[in-house]
Each structure stands twice: as C-alpha cells, then as structure tokens.
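> This is the structure, below, for whatever I ask next.
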Amino acid sequence: SLIGSDIAQLLPGYWSFVTTDAGGYIEAAGRLGNAMPLRDITLNDIESLAVGAWVLGTGGGGSPYLGLLNMRALYKEGYRVQLMPASELADDDWVGAVSNMGAPLVGQERLTDSRTIARAVALMEEHIGHRFRGIMSLEIGGGNSIQPLMAAAHLKRPVIDSDMMGRAYPEAQMTSVAVGDLTPCPLTTVDVRGLESVVDKVPTWKWMERVSRKICVEYGSIASTCKAPRTGAEVK
C-alpha cells in the first residue's frame, strides 16, 4: 500500500485508484490535488457501528439490530459500501439525508427492508431533479445509524461521514439543520407495500414533523424517509 509522499512520487500526473493503509482506496477526480478519499466500510466496521449506535441512542431511536441483519445479508450477496468525509464534498454537491420514521415497536414487528430506504432516496432524486453525491444519516443513534448504509449499498453511493444530531432525538425540529433554520422540505416517504408520498412544501420544521407523522401513521406507524436534501456547503 502507498501513503503520503509515496503516492505523489510514483503518480505525479493522472491516475485512477490507489490502495491505502486505512484499508480503503482513493478515487481519482483528475490530478492528485483533486482526489477524493473513500474508505471501504467492512462488515466488522458495521458491527461496531451498530453497538456504538445502540449506546448513542440513549434509550431511543429503535434498535440497530434489524438494520445490521440487513447489512450482513447485503454483504453476503456481494454489496459493499464506502465512507466519504464531509470535508470532501463540493459546496454545490447534493446529499440525501435518510431515516426511518415511526414507532420502534412496530419497526420490530414489520421487519426492515433495505430496498424501501433506497427507494425513498431515488424518489427524492426524481422529485428534485438532482443526483445525490452521497447519503447521510439523520441521526447516528439507534436504528437510523444503519439506514444510509442500506440505501448506499443499493444505489452505489458513498455514505457521508456526518449526521444531524449526534444522538437520537424523537422529532425532526430537534436536529442541527432545524436549529440552523435550513429549509425543512421536501420530504419523501415510502412503505413496503408500494405507498409513496412527497411533502413538497411546509412553513416550518414543526409542520414537517406534524404532516409527515400523519402520513407515517396511515402507513401503519413505520415508513422509510428521505429528508430535505442538503448541499455540500450545508453539511460541512
């Protein structure tokens, strides 16, 4: 493997992929100065993430266990996910923010399907007319810590190393993007039976919480959601 000055000496011009000591590789975007580091996420990493997310859930956020089972199955089928630092996003990149919404108990009764969260992201891309550079989590605590990995596996996008809470809180207006007064809409929701909804416009984060929660209840109190898209500048 190569690191630091070794790369610069051996590859002074254009290049494609280089294995790193961190266990991942660097994806070229032209010359070395424009390279984007992507780290391969191993199944062991995901196992550790699930444990840490359970702790950061601080008693809420649902269990990461079902999401972990999905990722074990996806990795067994050959899917892989990579991690991208938020600092590497361009200011005008678009980022999808994902989470499950609903009652944790219902989430245990209706088993998680990784394809629904991927569909929520795809539906948002169709709605806004932009392709996401990567996918991030609404909250790093509880079950939602695994949601971006499931979407990323199906959509072949990196997971952005960032979230909007640092814990697991119960409502959308409690996130850092809400506190920062960033736009709360649009939002997409998807159900395993094929139900799909878009909340295109609301005046406040509290209204987004109220409207989307009503939709979620009609779905059976569990839904896969893609929150209001964020730009690279906002994520950073």
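In the structure tokens, the first chain shown is A, the next is B, and so on; residue numbers restart at 1 for each chain, and ligands run from 1 in the order shown.
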With only C-alpha atoms as the counted atoms, please give the residues lying no more than 9 Å from stretch 59-70 of chain A, apart from itself and same-chain residues fewer than 2 positions off, as JSON, numbers by chain.
{"A": [46, 47, 49, 50, 51, 53, 54, 55, 56, 57, 72, 73, 74, 75, 103, 104, 105, 107, 108, 111, 112, 113, 114, 139, 141, 142, 143, 144, 145, 146, 147, 149, 150, 167, 168, 169, 170]}
> As JSON, numbers by chain, list the residues of stretch 15-192 of chain A assigned to alpha helix (DSSP H) by DSSP on the backbone atoms of this structure.
{"A": [43, 44, 45, 46, 47, 48, 49, 50, 51, 52, 53, 54, 55, 56, 65, 66, 67, 68, 69, 70, 71, 72, 73, 74, 75, 76, 104, 105, 106, 107, 108, 109, 114, 115, 116, 117, 118, 119, 120, 121, 122, 123, 124, 125, 126, 127, 128, 147, 148, 149, 150, 151, 152, 153, 154, 155, 176, 177, 178, 179]}
> Neighbouring residues of stretch 94-97 of chain A were defined as those with any atom within 9 Å, considering only C-alpha atoms; residues of the same chain fewer than 2 positions away were excluded. Please report them as a PyMOL selection string.
chain A and resi 89-92+99+121+124-125+130-138+148+160+163-164+225-232+235
> At what distance in Å, to one decimal, does atom CA of A:Arg210 lie from atom CA of A:Asp191?
18.1 Å
> One number please: atom CA of A:Arg119 to atom CA of A:Val202, in Å, one decimal.
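Atom CA of A:Val202 lies 22.3 Å from atom CA of A:Arg119.
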> Using DSSP on the backbone coordinates, identify all residues within stretch 13-183 of chain A classified as strand (DSSP E); present the result as number ranges by chain.
A: 17-19, 25-27, 36-41, 81-84, 94-102, 134-137, 159-163
> To one decimal place, how far is atom CA of A:Leu182 from atom CA of A:Glu209 in Å?
14.5 Å
> Can you tell me, as a list in words, what residues are no more than 12 Å from A:Ile215 when counting only C-alpha atoms, ignoring any on the same chain fewer than 4 positions away?
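Residues meeting the cut-off are Met101, Gly102, Leu187, Thr188, Thr189, Val190, Asp191, Leu195, Glu196, Ser197, Val198, Val199, Met208, Glu209, Arg210, Val211, Tyr219, Gly220, Ser221, Ile222, Ala223, Ser224 and Thr225 of chain A.
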> Ranking A:Lys214, A:Arg110, A:Lys206, A:Arg157 by minimum distance to A:Cys185 and counting only C-alpha atoms, which one comes first?
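Selected residue with least distance to A:Cys185: A:Lys206.
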> Go through A:Met84, A:Ala153, A:Ile117, A:Ile128 one by one, measure the shortest atom-to-atom distance of each to A:Asn100 using only C-alpha atoms, and give the residue with the smallest value.
A:Ile117
> Measuring between only C-alpha atoms, which one of A:Lys236, A:Arg115, A:Lys201, A:Arg213 shows the shortest distance to A:Ser162?
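Checking each candidate against A:Ser162, we get A:Lys236 as the closest.
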